[in-house]
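Q: Below is a structure I'd like to ask you about.
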Amino acid sequence: MKGVGTKAIDVRWSLSLRRFAALVVWVCASAAPAFDPGCAMAQAPDHRLRVLMLFSNDSLLPANQLVSNSIKTSLEAGAPGRLEYFTEYLDMVRFPEAEQEARLVGFIREKYARTRFDTVFALGSQALDFAIKYQATLSWDAPVIYAGVREESLRAMKLPSNAGGIASRFDALTTLELALRLLPDTQHIAVVTGASNFDRAWEDVAHDKFKAYEKRLNLIYLSAMPMQDLLRELAHLPQHSVVIYLSVLEDGAGAQFYGTDSAGQVAAAANAPVFAVYDTLLGVGIVGGYMNTFEDMGEAAAKIALRVLAGERPDAASSRVLQTAYFVVDWRQLRRWGLSEANLPAGTTARFKDPSLWDLYRGQIIALIAVLLVQSLLIMGLLIQDRKRRRAVLEAKKGRDEVTHLARVAILGELSGALAHELNQPLTAILSNAQAAQRLLAKTPVDLDEVREILSDIGDDDKRAGEVINRLHALMKKGEANLRPLDLNGLAKDVLELARSELIERNVAVTTRFTPGLPDIRGDLVQLQQVLLNLIMNACEAMVGNADADRSFEISTARDGNGRQQLVVVDRGPGVSPELINRIFEPFMTTKTHGLGLGLSICRSIVTAHGGQLRVVNNPDRGASFIVSLPIHAGGQA
């Protein structure tokens, strides 16, 4: 016993000297701005603090990566020297045989025969048990810092004086209580564990921790089952069930899994919400649980190591570092199962929660609100201006309609003599026929057949006079445009008939070339008649000085090849002067001595309102051609 005690004292003394030397190295390296003989050894470039991280499981386990990265980050932020890391993955869950353990001891002893560690991290209960059991065999005199070990496992171990760390809370009972809080109608609890020693240890924990609920709930232990059988059972759980997933690293058929793989399959197959005790399982379908996170675990272990490297005893350093557990849930799974966030305990961390627009774009939203306020004021101002503009537009339209009507009346004024002559003919014929009928009636016997013919002539002449008056009335009246399908050839013939007497009076001949079978256009009959009548009267005016032989014009209709129809009025006048040809359609532009200059401007406005075009070109020989292009009616055939 004395020898054992002396050896323990020597080990502790050696540890104290090494920690003191490390501290001196750090102080000298940070304090001396230039070379100092007293700190020459401290500044030696080959001095390093060697850290061994010993893991229970294999290197691909996600928890190992999280813990390793967290330890490195925390150590590098506060370590008194340059760090050199070594890692060993015992993989004892998959290979628990004693022979494999003996091989690992021999391999590690030979591998690190010339390496002395400043700190050994034992991560997981198997790793801690291995480090304690073979500390002397491997000549490890460095302090052992443990993490990822449950309180139940620690109570079963005899820890040496150079070991310290934190007990991690993977709390199955509190996780069950979280499930019952979110699902108060729960009647059945399915507890899922696997067939490995690690899985069976979790099953023992469940039997012990869940005793208090055996009378209240139906506890269904699904342990060490082949994966396919397990998934089949989970898919047919009774209503009001909850699944508590603890660990399935190996199933009953000997197939081995990572925790994320087996938990993901369980969550996908189960017809009830699944809860677990490891935060690495969040994101594969687990609702949540009460747990330590592996990042926190690594950070807490590193804090203890830094205190030990600074000279504290491992057990004292451990008592000053606490690793807190808390509730963690997957927000997406809450939505999936319709679980209310209001039932979550205070301080619960919700992962994968979609941030609100306010959280994401608070500054932008405030700026947007300010912009919207400014825009609202601008829009109000614009609406007021638009209202005034609309009123002005209505007044302008009313004025244009008045001007158009006056222009139409002016044209008819020019035709008044011809119209009087046009009406005089049927009226004279009616009078003559009436007098002839009176004479026939005075004779005896009365020739009734002759009287019938006279009465028929009177009726025809009356209709003819009525048509002249109707055309005149249609052109004289005001009103909104009445768009309807129109025959362009028929429109042109009606206008020529209206102007026939005026053309005779002016001794103007008309040639027509109407293309038969043209599809209808869409327009207002009276407005388009006004356009053509204006063009005809302008053609007559253009040929006032011509000799009798040259007093003629041509009207033609055709397709223009662009889905439109053309009506062309070709006169034999002098044409339009080059300086006026681009301004001929402007208001108040005229070449007549007594003209107002509104006729062609109004005509273009009417044609444009119909979706067409009105243009003028000078003919190669003499005269000008006014071309009206109008779109074909949608129901017509192009």
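Scheme for the structure tokens: letters A, B, ... for chains in order shown; per-chain residue numbers from 1; ligand numbers from 1 in order shown.
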Might you pull out every residue within 10 Å of A:Thr280, with only C-alpha atoms counted and same-chain residues fewer than 2 positions away left off, and present them as a PyMOL selection string?
A: chain A and resi 61-63+66+259-260+276-278+282-284+286+293-294
Q: Could you save the residues just selected, with N, CA and C atoms, as an mmCIF file, in the first residue's frame?
A:
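Now in out_16.cif:
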data_model
loop_
_atom_site.group_PDB
_atom_site.id
_atom_site.type_symbol
_atom_site.label_atom_id
_atom_site.label_comp_id
_atom_site.auth_asym_id
_atom_site.auth_seq_id
_atom_site.Cartn_x
_atom_site.Cartn_y
_atom_site.Cartn_z
ATOM 1 N N LEU A 61 -19.603 8.983 -36.882
ATOM 2 C CA LEU A 61 -20.780 9.327 -36.080
ATOM 3 C C LEU A 61 -20.897 10.853 -35.996
ATOM 4 N N PRO A 62 -22.040 11.431 -36.383
ATOM 5 C CA PRO A 62 -22.163 12.903 -36.386
ATOM 6 C C PRO A 62 -21.862 13.543 -35.041
ATOM 7 N N ALA A 63 -22.255 12.880 -33.928
ATOM 8 C CA ALA A 63 -22.004 13.455 -32.606
ATOM 9 C C ALA A 63 -20.515 13.623 -32.361
ATOM 10 N N LEU A 66 -19.261 16.788 -34.023
ATOM 11 C CA LEU A 66 -19.704 18.002 -33.330
ATOM 12 C C LEU A 66 -18.883 18.240 -32.066
ATOM 13 N N GLY A 259 -27.153 6.418 -35.536
ATOM 14 C CA GLY A 259 -28.387 6.865 -34.890
ATOM 15 C C GLY A 259 -29.286 7.661 -35.814
ATOM 16 N N THR A 260 -28.690 8.517 -36.659
ATOM 17 C CA THR A 260 -29.514 9.320 -37.567
ATOM 18 C C THR A 260 -30.227 8.449 -38.587
ATOM 19 N N ALA A 276 -36.937 11.976 -28.887
ATOM 20 C CA ALA A 276 -35.633 11.344 -28.671
ATOM 21 C C ALA A 276 -34.819 12.181 -27.699
ATOM 22 N N VAL A 277 -33.623 11.657 -27.324
ATOM 23 C CA VAL A 277 -32.806 12.321 -26.297
ATOM 24 C C VAL A 277 -31.514 12.897 -26.870
ATOM 25 N N TYR A 278 -31.257 12.731 -28.185
ATOM 26 C CA TYR A 278 -30.026 13.243 -28.788
ATOM 27 C C TYR A 278 -30.371 14.358 -29.769
ATOM 28 N N LEU A 282 -32.397 15.627 -34.407
ATOM 29 C CA LEU A 282 -33.309 16.647 -34.906
ATOM 30 C C LEU A 282 -32.980 16.934 -36.372
ATOM 31 N N GLY A 283 -34.008 16.967 -37.169
ATOM 32 C CA GLY A 283 -33.813 17.188 -38.593
ATOM 33 C C GLY A 283 -34.091 15.958 -39.427
ATOM 34 N N VAL A 284 -34.265 14.783 -38.774
ATOM 35 C CA VAL A 284 -34.571 13.556 -39.523
ATOM 36 C C VAL A 284 -36.008 13.095 -39.263
ATOM 37 N N ILE A 286 -37.607 13.701 -35.987
ATOM 38 C CA ILE A 286 -37.882 13.667 -34.551
ATOM 39 C C ILE A 286 -38.522 14.989 -34.125
ATOM 40 N N THR A 293 -26.817 19.437 -25.874
ATOM 41 C CA THR A 293 -26.334 19.453 -27.259
ATOM 42 C C THR A 293 -24.862 19.070 -27.261
ATOM 43 N N PHE A 294 -24.425 18.435 -28.326
ATOM 44 C CA PHE A 294 -23.038 17.977 -28.397
ATOM 45 C C PHE A 294 -22.065 19.146 -28.524
#
Q: Env of stretch 533-544 of chain A: 6 Å cut, atoms = only C-alpha atoms, seq-sep filter 6 positions within chain, self excluded. Answer as an MDAnalysis selection string.
A: chainID A and resid 551 571 573
Q: Can you spit out the residues from that selection as a PDB file, in the first residue's frame, using N, CA, C and O atoms?
A:
ATOM      1  N   ARG A 551     -61.421  67.461-114.727  1.00  0.00           N
ATOM      2  CA  ARG A 551     -62.182  67.553-113.478  1.00  0.00           C
ATOM      3  C   ARG A 551     -62.775  66.173-113.160  1.00  0.00           C
ATOM      4  O   ARG A 551     -63.957  65.908-113.386  1.00  0.00           O
ATOM      5  N   ASP A 571     -57.270  62.505-106.606  1.00  0.00           N
ATOM      6  CA  ASP A 571     -57.768  63.648-107.390  1.00  0.00           C
ATOM      7  C   ASP A 571     -56.758  64.010-108.473  1.00  0.00           C
ATOM      8  O   ASP A 571     -55.639  63.491-108.513  1.00  0.00           O
ATOM      9  N   GLY A 573     -55.845  67.272-109.017  1.00  0.00           N
ATOM     10  CA  GLY A 573     -55.499  68.655-108.741  1.00  0.00           C
ATOM     11  C   GLY A 573     -53.986  68.872-108.777  1.00  0.00           C
ATOM     12  O   GLY A 573     -53.215  68.018-109.252  1.00  0.00           O
TER      13      GLY A 573
END
Q: Find, counting only C-alpha atoms, the residue in A:Asn218, A:Ser161, A:Thr186, A:Asn69 that gets nearest to A:Pro314.
A: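 Checking each of A:Asn218, A:Ser161, A:Thr186, A:Asn69 against A:Pro314, counting only C-alpha atoms, the winner is A:Ser161.
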Q: Please identify all polymer residues within 12 Å of stretch 102-113 of chain A, counting only C-alpha atoms, omitting same-chain residues fewer than 2 positions from it, and present them as a short mmCIF file (atom, residue, chain, number, x, y, z; two decimals) with all heavy atoms, in the first residue's frame.
A:
data_model
loop_
_atom_site.label_atom_id
_atom_site.label_comp_id
_atom_site.auth_asym_id
_atom_site.auth_seq_id
_atom_site.Cartn_x
_atom_site.Cartn_y
_atom_site.Cartn_z
N ARG A 50 -0.06 18.59 -26.28
CA ARG A 50 -0.61 17.45 -27.03
C ARG A 50 -1.92 17.00 -26.37
O ARG A 50 -1.97 16.76 -25.17
CB ARG A 50 0.40 16.31 -27.06
CG ARG A 50 1.67 16.65 -27.85
CD ARG A 50 2.67 15.51 -27.83
NE ARG A 50 3.82 15.81 -28.67
CZ ARG A 50 4.89 16.46 -28.28
NH1 ARG A 50 4.96 16.89 -27.01
NH2 ARG A 50 5.88 16.69 -29.11
N LEU A 52 -5.15 14.30 -26.70
CA LEU A 52 -5.71 13.07 -27.27
C LEU A 52 -7.22 13.07 -27.04
O LEU A 52 -7.69 13.28 -25.92
CB LEU A 52 -5.09 11.83 -26.60
CG LEU A 52 -5.74 10.49 -27.01
CD1 LEU A 52 -5.51 10.20 -28.48
CD2 LEU A 52 -5.19 9.34 -26.14
N LEU A 54 -10.27 10.59 -27.27
CA LEU A 54 -10.59 9.16 -27.33
C LEU A 54 -12.11 9.01 -27.40
O LEU A 54 -12.83 9.37 -26.47
CB LEU A 54 -10.02 8.47 -26.09
CG LEU A 54 -10.00 6.94 -26.08
CD1 LEU A 54 -9.04 6.42 -27.14
CD2 LEU A 54 -9.60 6.44 -24.69
N PHE A 86 -4.60 14.53 -31.40
CA PHE A 86 -4.56 13.13 -31.78
C PHE A 86 -5.95 12.56 -31.50
O PHE A 86 -6.59 12.91 -30.50
CB PHE A 86 -3.51 12.35 -30.97
CG PHE A 86 -2.12 12.89 -31.12
CD1 PHE A 86 -1.67 13.94 -30.32
CD2 PHE A 86 -1.26 12.36 -32.06
CE1 PHE A 86 -0.39 14.45 -30.46
CE2 PHE A 86 0.03 12.86 -32.20
CZ PHE A 86 0.47 13.91 -31.40
N THR A 87 -6.45 11.71 -32.37
CA THR A 87 -7.78 11.13 -32.18
C THR A 87 -7.73 9.62 -32.35
O THR A 87 -7.00 9.10 -33.22
CB THR A 87 -8.79 11.70 -33.21
OG1 THR A 87 -8.28 11.51 -34.53
CG2 THR A 87 -9.03 13.19 -32.98
N GLU A 88 -8.49 8.94 -31.51
CA GLU A 88 -8.64 7.49 -31.62
C GLU A 88 -10.12 7.16 -31.46
O GLU A 88 -10.79 7.63 -30.54
CB GLU A 88 -7.83 6.77 -30.55
CG GLU A 88 -6.33 6.87 -30.71
CD GLU A 88 -5.82 6.22 -32.00
OE1 GLU A 88 -6.50 5.28 -32.49
OE2 GLU A 88 -4.78 6.66 -32.51
N TYR A 89 -10.62 6.35 -32.39
CA TYR A 89 -12.03 5.93 -32.38
C TYR A 89 -12.06 4.44 -32.05
O TYR A 89 -11.69 3.59 -32.87
CB TYR A 89 -12.67 6.21 -33.73
CG TYR A 89 -12.68 7.67 -34.09
CD1 TYR A 89 -11.64 8.24 -34.85
CD2 TYR A 89 -13.70 8.51 -33.66
CE1 TYR A 89 -11.64 9.58 -35.17
CE2 TYR A 89 -13.71 9.85 -33.98
CZ TYR A 89 -12.67 10.39 -34.73
OH TYR A 89 -12.68 11.73 -35.04
N LEU A 90 -12.49 4.10 -30.84
CA LEU A 90 -12.47 2.71 -30.36
C LEU A 90 -13.49 1.84 -31.07
O LEU A 90 -13.31 0.63 -31.18
CB LEU A 90 -12.69 2.68 -28.86
CG LEU A 90 -11.67 3.50 -28.02
CD1 LEU A 90 -12.05 3.42 -26.55
CD2 LEU A 90 -10.25 3.01 -28.27
N ASP A 91 -14.62 2.44 -31.51
CA ASP A 91 -15.67 1.70 -32.21
C ASP A 91 -16.13 0.48 -31.39
O ASP A 91 -16.35 -0.60 -31.94
CB ASP A 91 -15.17 1.27 -33.59
CG ASP A 91 -16.30 1.07 -34.58
OD1 ASP A 91 -17.46 1.27 -34.19
OD2 ASP A 91 -16.03 0.70 -35.74
N MET A 92 -16.26 0.66 -30.09
CA MET A 92 -16.55 -0.46 -29.20
C MET A 92 -18.02 -0.85 -29.18
O MET A 92 -18.37 -1.89 -28.62
CB MET A 92 -16.07 -0.12 -27.79
CG MET A 92 -14.56 0.11 -27.72
SD MET A 92 -13.94 0.33 -26.05
CE MET A 92 -13.99 -1.34 -25.43
N PHE A 95 -17.83 -3.32 -32.06
CA PHE A 95 -16.87 -4.40 -31.83
C PHE A 95 -16.57 -4.49 -30.33
O PHE A 95 -15.51 -4.04 -29.86
CB PHE A 95 -15.58 -4.15 -32.61
CG PHE A 95 -15.79 -4.00 -34.09
CD1 PHE A 95 -15.85 -2.74 -34.68
CD2 PHE A 95 -15.95 -5.13 -34.89
CE1 PHE A 95 -16.05 -2.61 -36.04
CE2 PHE A 95 -16.15 -4.99 -36.26
CZ PHE A 95 -16.21 -3.73 -36.83
N PRO A 96 -17.50 -5.06 -29.55
CA PRO A 96 -17.33 -5.07 -28.09
C PRO A 96 -16.52 -6.25 -27.56
O PRO A 96 -16.35 -6.40 -26.35
CB PRO A 96 -18.78 -5.17 -27.60
CG PRO A 96 -19.47 -5.98 -28.66
CD PRO A 96 -18.81 -5.61 -29.97
N GLU A 97 -15.98 -7.11 -28.44
CA GLU A 97 -15.31 -8.33 -28.00
C GLU A 97 -14.04 -8.01 -27.20
O GLU A 97 -13.34 -7.04 -27.48
CB GLU A 97 -14.96 -9.22 -29.19
CG GLU A 97 -16.16 -9.68 -30.01
CD GLU A 97 -16.60 -8.64 -31.03
OE1 GLU A 97 -15.91 -7.59 -31.12
OE2 GLU A 97 -17.63 -8.85 -31.69
N ALA A 98 -13.75 -8.87 -26.22
CA ALA A 98 -12.56 -8.68 -25.38
C ALA A 98 -11.28 -8.78 -26.21
O ALA A 98 -10.29 -8.07 -25.95
CB ALA A 98 -12.55 -9.73 -24.25
N GLU A 99 -11.28 -9.66 -27.22
CA GLU A 99 -10.09 -9.80 -28.05
C GLU A 99 -9.80 -8.50 -28.81
O GLU A 99 -8.63 -8.10 -28.94
CB GLU A 99 -10.27 -10.95 -29.05
CG GLU A 99 -10.42 -12.32 -28.43
CD GLU A 99 -11.84 -12.58 -27.95
OE1 GLU A 99 -12.71 -11.70 -28.19
OE2 GLU A 99 -12.08 -13.64 -27.36
N GLN A 100 -10.87 -7.86 -29.31
CA GLN A 100 -10.67 -6.61 -30.02
C GLN A 100 -10.15 -5.53 -29.06
O GLN A 100 -9.30 -4.71 -29.43
CB GLN A 100 -12.01 -6.15 -30.65
CG GLN A 100 -11.98 -4.79 -31.32
CD GLN A 100 -11.03 -4.74 -32.51
OE1 GLN A 100 -10.59 -5.79 -33.02
NE2 GLN A 100 -10.68 -3.54 -32.94
N THR A 115 5.08 9.28 -27.22
CA THR A 115 4.26 10.50 -27.13
C THR A 115 3.69 10.63 -25.73
O THR A 115 3.15 9.66 -25.18
CB THR A 115 3.09 10.45 -28.14
OG1 THR A 115 3.62 10.25 -29.45
CG2 THR A 115 2.30 11.76 -28.11
N ARG A 116 3.85 11.80 -25.16
CA ARG A 116 3.27 12.09 -23.85
C ARG A 116 2.20 13.16 -24.02
O ARG A 116 2.44 14.20 -24.64
CB ARG A 116 4.34 12.57 -22.87
CG ARG A 116 5.35 11.49 -22.50
CD ARG A 116 4.67 10.40 -21.68
NE ARG A 116 5.58 9.30 -21.35
CZ ARG A 116 5.71 8.19 -22.07
NH1 ARG A 116 4.99 8.02 -23.17
NH2 ARG A 116 6.55 7.24 -21.70
N PHE A 117 1.02 12.89 -23.49
CA PHE A 117 -0.12 13.80 -23.66
C PHE A 117 -0.24 14.74 -22.48
O PHE A 117 0.04 14.38 -21.32
CB PHE A 117 -1.42 13.01 -23.83
CG PHE A 117 -1.42 12.11 -25.03
CD1 PHE A 117 -1.41 10.72 -24.88
CD2 PHE A 117 -1.41 12.64 -26.31
CE1 PHE A 117 -1.40 9.89 -25.98
CE2 PHE A 117 -1.40 11.81 -27.43
CZ PHE A 117 -1.39 10.43 -27.25
N ALA A 127 -15.26 4.91 -23.82
CA ALA A 127 -13.94 5.54 -23.87
C ALA A 127 -13.42 5.84 -22.47
O ALA A 127 -12.22 5.64 -22.17
CB ALA A 127 -14.01 6.82 -24.71
N PHE A 130 -12.30 2.61 -20.85
CA PHE A 130 -11.04 2.17 -21.45
C PHE A 130 -9.87 2.97 -20.88
O PHE A 130 -8.81 2.41 -20.54
CB PHE A 130 -11.13 2.35 -22.97
CG PHE A 130 -9.94 1.86 -23.72
CD1 PHE A 130 -9.88 0.56 -24.20
CD2 PHE A 130 -8.87 2.71 -23.99
CE1 PHE A 130 -8.77 0.11 -24.92
CE2 PHE A 130 -7.77 2.27 -24.70
CZ PHE A 130 -7.72 0.97 -25.16
N ALA A 131 -10.04 4.31 -20.77
CA ALA A 131 -8.94 5.16 -20.29
C ALA A 131 -8.59 4.84 -18.85
O ALA A 131 -7.41 4.82 -18.46
CB ALA A 131 -9.34 6.63 -20.44
N LYS A 133 -9.22 1.96 -17.23
CA LYS A 133 -8.78 0.57 -17.11
C LYS A 133 -7.33 0.39 -17.55
O LYS A 133 -6.58 -0.40 -16.94
CB LYS A 133 -9.72 -0.31 -17.93
CG LYS A 133 -9.52 -1.81 -17.78
CD LYS A 133 -10.60 -2.54 -18.58
CE LYS A 133 -10.46 -4.04 -18.46
NZ LYS A 133 -11.52 -4.73 -19.26
N TYR A 134 -6.93 1.14 -18.60
CA TYR A 134 -5.61 0.90 -19.18
C TYR A 134 -4.68 2.11 -19.03
O TYR A 134 -3.71 2.23 -19.76
CB TYR A 134 -5.74 0.53 -20.66
CG TYR A 134 -6.52 -0.74 -20.88
CD1 TYR A 134 -7.83 -0.70 -21.38
CD2 TYR A 134 -5.98 -1.98 -20.56
CE1 TYR A 134 -8.55 -1.86 -21.57
CE2 TYR A 134 -6.70 -3.15 -20.75
CZ TYR A 134 -7.98 -3.09 -21.25
OH TYR A 134 -8.68 -4.25 -21.43
N GLN A 135 -4.96 2.97 -18.08
CA GLN A 135 -4.13 4.17 -17.89
C GLN A 135 -2.68 3.79 -17.57
O GLN A 135 -1.74 4.36 -18.15
CB GLN A 135 -4.72 5.03 -16.78
CG GLN A 135 -4.02 6.37 -16.63
CD GLN A 135 -4.72 7.25 -15.61
OE1 GLN A 135 -5.44 6.74 -14.76
NE2 GLN A 135 -4.53 8.55 -15.69
N ALA A 136 -2.50 2.85 -16.70
CA ALA A 136 -1.14 2.44 -16.34
C ALA A 136 -0.47 1.68 -17.47
O ALA A 136 0.72 1.90 -17.78
CB ALA A 136 -1.18 1.58 -15.07
N THR A 137 -1.22 0.81 -18.12
CA THR A 137 -0.65 0.02 -19.22
C THR A 137 -0.16 0.93 -20.34
O THR A 137 0.88 0.67 -20.97
CB THR A 137 -1.71 -0.95 -19.76
OG1 THR A 137 -2.18 -1.77 -18.69
CG2 THR A 137 -1.13 -1.83 -20.86
N LEU A 138 -0.90 1.99 -20.61
CA LEU A 138 -0.55 2.90 -21.71
C LEU A 138 0.37 4.03 -21.26
O LEU A 138 0.71 4.90 -22.08
CB LEU A 138 -1.84 3.49 -22.30
CG LEU A 138 -2.81 2.47 -22.92
CD1 LEU A 138 -4.11 3.15 -23.31
CD2 LEU A 138 -2.19 1.79 -24.13
N SER A 139 0.74 4.03 -19.97
CA SER A 139 1.63 5.07 -19.42
C SER A 139 1.05 6.46 -19.60
O SER A 139 1.76 7.43 -19.94
CB SER A 139 3.03 4.99 -20.08
OG SER A 139 3.61 3.72 -19.87
N TRP A 140 -0.28 6.57 -19.42
CA TRP A 140 -0.93 7.89 -19.51
C TRP A 140 -0.96 8.50 -18.11
O TRP A 140 -1.67 8.04 -17.22
CB TRP A 140 -2.35 7.74 -20.03
CG TRP A 140 -2.42 7.41 -21.49
CD1 TRP A 140 -1.40 7.41 -22.39
CD2 TRP A 140 -3.59 7.01 -22.22
NE1 TRP A 140 -1.83 7.05 -23.63
CE2 TRP A 140 -3.18 6.79 -23.58
CE3 TRP A 140 -4.91 6.80 -21.89
CZ2 TRP A 140 -4.06 6.39 -24.55
CZ3 TRP A 140 -5.79 6.40 -22.87
CH2 TRP A 140 -5.38 6.21 -24.20
#
Q: Excluding A:Trp331 and any residue of its chain fewer than 4 positions from it, enumerate the residues within 8 Å of it, using only C-alpha atoms, and give them as a PyMOL selection string.
A: chain A and resi 287+335+350-353
Q: Output C-alpha atoms of each residue in that selection to a file, as an mmCIF file, in the first residue's frame.
A:
data_model
loop_
_atom_site.group_PDB
_atom_site.id
_atom_site.type_symbol
_atom_site.label_atom_id
_atom_site.label_comp_id
_atom_site.auth_asym_id
_atom_site.auth_seq_id
_atom_site.Cartn_x
_atom_site.Cartn_y
_atom_site.Cartn_z
ATOM 1 C CA VAL A 287 -40.197 16.134 -32.776
ATOM 2 C CA ARG A 335 -46.465 21.814 -37.719
ATOM 3 C CA ALA A 350 -37.154 25.668 -31.724
ATOM 4 C CA ARG A 351 -34.871 24.669 -34.575
ATOM 5 C CA PHE A 352 -35.652 24.929 -38.291
ATOM 6 C CA LYS A 353 -38.238 27.595 -37.596
#
Q: DSSP on the backbone: what in stretch 530-611 of chain A comes out helix (DSSP H, G or I), as a PyMOL selection string?
A: chain A and resi 530-542+548-550+599-609
Q: Quick one: residues within 9 Å of A:Val144, only C-alpha atoms counted, chain neighbours fewer than 5 positions away excluded, as a list of chain:residue names?
A: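 Once the nearby chain positions are removed, what remains is A:Thr119, A:Val120, A:Phe121, A:Ala122, A:Leu128, A:Ala131, A:Ile132, A:Pro160, A:Asn162, A:Ala163, A:Gly164, A:Gly165, A:Ala305, A:Pro314.
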Q: With distances taken over only C-alpha atoms, which of A:Asp171, A:Glu214, A:Glu312, A:Asp199 is nearest to A:Gln256?
A: A:Asp199
Q: Using DSSP on the backbone coordinates, identify all residues within stretch 208-279 of chain A classified as strand (DSSP E); present the result as a ChimeraX atom specification.
A: /A:218-223,241-247,274-276
Q: Would you pick out the contacts of A:Leu518 at 12 Å or less, using only C-alpha atoms, so that residues sharing its chain but fewer than 4 positions from it are not included, and give the list as a tab-separated table (two decimals) with N, CA, C and O atoms, in the first residue's frame?
A:
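Writing the result to part_11.tsv gives the following:
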chain	number	residue	atom	x	y	z
A	486	LEU	N	-69.30	47.09	-90.88
A	486	LEU	CA	-69.71	47.92	-92.02
A	486	LEU	C	-69.10	47.38	-93.31
A	486	LEU	O	-67.96	46.90	-93.31
A	487	ASP	N	-69.87	47.51	-94.39
A	487	ASP	CA	-69.37	47.17	-95.73
A	487	ASP	C	-68.74	48.44	-96.31
A	487	ASP	O	-69.43	49.43	-96.55
A	488	LEU	N	-67.43	48.41	-96.52
A	488	LEU	CA	-66.73	49.61	-96.98
A	488	LEU	C	-67.21	50.03	-98.36
A	488	LEU	O	-67.37	51.23	-98.64
A	489	ASN	N	-67.47	49.08	-99.23
A	489	ASN	CA	-67.97	49.43	-100.57
A	489	ASN	C	-69.34	50.10	-100.49
A	489	ASN	O	-69.61	51.11	-101.15
A	490	GLY	N	-70.24	49.52	-99.65
A	490	GLY	CA	-71.56	50.12	-99.50
A	490	GLY	C	-71.49	51.51	-98.91
A	490	GLY	O	-72.24	52.41	-99.29
A	514	PHE	N	-64.19	49.37	-106.98
A	514	PHE	CA	-64.47	48.69	-105.72
A	514	PHE	C	-64.13	47.21	-105.85
A	514	PHE	O	-64.63	46.54	-106.76
A	557	THR	N	-61.34	50.74	-103.48
A	557	THR	CA	-61.20	49.96	-102.23
A	557	THR	C	-60.38	48.72	-102.54
A	557	THR	O	-60.47	48.17	-103.65
A	558	ALA	N	-59.60	48.26	-101.57
A	558	ALA	CA	-58.76	47.07	-101.75
A	558	ALA	C	-58.20	46.65	-100.40
A	558	ALA	O	-58.33	47.36	-99.40
A	559	ARG	N	-57.55	45.51	-100.36
A	559	ARG	CA	-56.82	45.06	-99.18
A	559	ARG	C	-55.40	45.62	-99.27
A	559	ARG	O	-54.83	45.68	-100.35
A	560	ASP	N	-54.83	45.95	-98.10
A	560	ASP	CA	-53.48	46.53	-98.14
A	560	ASP	C	-52.38	45.51	-97.85
A	560	ASP	O	-51.20	45.85	-97.80
A	563	GLY	N	-53.59	42.98	-93.27
A	563	GLY	CA	-54.77	42.69	-92.48
A	563	GLY	C	-55.72	43.87	-92.38
A	563	GLY	O	-56.55	43.91	-91.48
A	564	ARG	N	-55.61	44.83	-93.29
A	564	ARG	CA	-56.49	46.00	-93.27
A	564	ARG	C	-57.09	46.19	-94.66
A	564	ARG	O	-56.70	45.54	-95.63
A	565	GLN	N	-58.06	47.14	-94.70
A	565	GLN	CA	-58.64	47.54	-95.97
A	565	GLN	C	-58.30	49.00	-96.24
A	565	GLN	O	-58.17	49.80	-95.30
A	566	GLN	N	-58.17	49.30	-97.51
A	566	GLN	CA	-57.84	50.68	-97.90
A	566	GLN	C	-58.97	51.28	-98.72
A	566	GLN	O	-59.60	50.60	-99.54
A	567	LEU	N	-59.23	52.54	-98.45
A	567	LEU	CA	-60.11	53.34	-99.31
A	567	LEU	C	-59.27	54.53	-99.77
A	567	LEU	O	-58.73	55.27	-98.93
A	631	PRO	N	-58.88	48.66	-89.90
A	631	PRO	CA	-58.76	47.23	-89.56
A	631	PRO	C	-60.03	46.47	-89.89
A	631	PRO	O	-61.12	47.00	-89.86
A	632	ILE	N	-59.85	45.19	-90.22
A	632	ILE	CA	-60.98	44.32	-90.53
A	632	ILE	C	-61.69	43.95	-89.24
A	632	ILE	O	-61.08	43.77	-88.19
A	633	HIS	N	-63.01	43.83	-89.31
A	633	HIS	CA	-63.82	43.44	-88.16
A	633	HIS	C	-63.38	42.05	-87.67
A	633	HIS	O	-63.10	41.16	-88.47
A	636	GLY	N	-64.90	39.10	-89.10
A	636	GLY	CA	-64.84	38.93	-90.55
A	636	GLY	C	-63.76	37.96	-90.95
A	636	GLY	O	-63.05	37.39	-90.16
A	637	GLN	N	-63.55	37.78	-92.24
A	637	GLN	CA	-62.55	36.87	-92.77
A	637	GLN	C	-61.45	37.68	-93.39
A	637	GLN	O	-61.69	38.49	-94.25
A	638	ALA	N	-60.23	37.47	-92.94
A	638	ALA	CA	-59.10	38.23	-93.47
A	638	ALA	C	-58.69	37.72	-94.83
A	638	ALA	O	-58.94	36.58	-95.15
Q: At a cut-off of 7 Å, using only C-alpha atoms, what residues contact stretch 337-348 of chain A? Leave out same-chain residues fewer than 6 positions from it and give the result as a list in words.
A: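 Neighbouring residues, sequence-local ones excluded: Arg181, Leu182, Pro273, Tyr326, Phe327 and Val328 of chain A.
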Q: Grab the atom CA of A:Gln529 to atom CA of A:Leu491 distance for me, in Å with one decimal place.
A: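 Rounded to one decimal, the two atoms are 6.8 Å apart.
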Q: Would you work out the distance separating atom CA of A:Leu222 from atom CA of A:Phe198, expressed in Å to one decimal?
A: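 It comes out at 15.3 Å.
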Q: Would you mind reading off the distance between atom CA of A:Phe626 and atom CA of A:Leu614, one decimal, in Å?
A: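 So the two atoms, atom CA of A:Phe626 and atom CA of A:Leu614, lie 7.1 Å apart.
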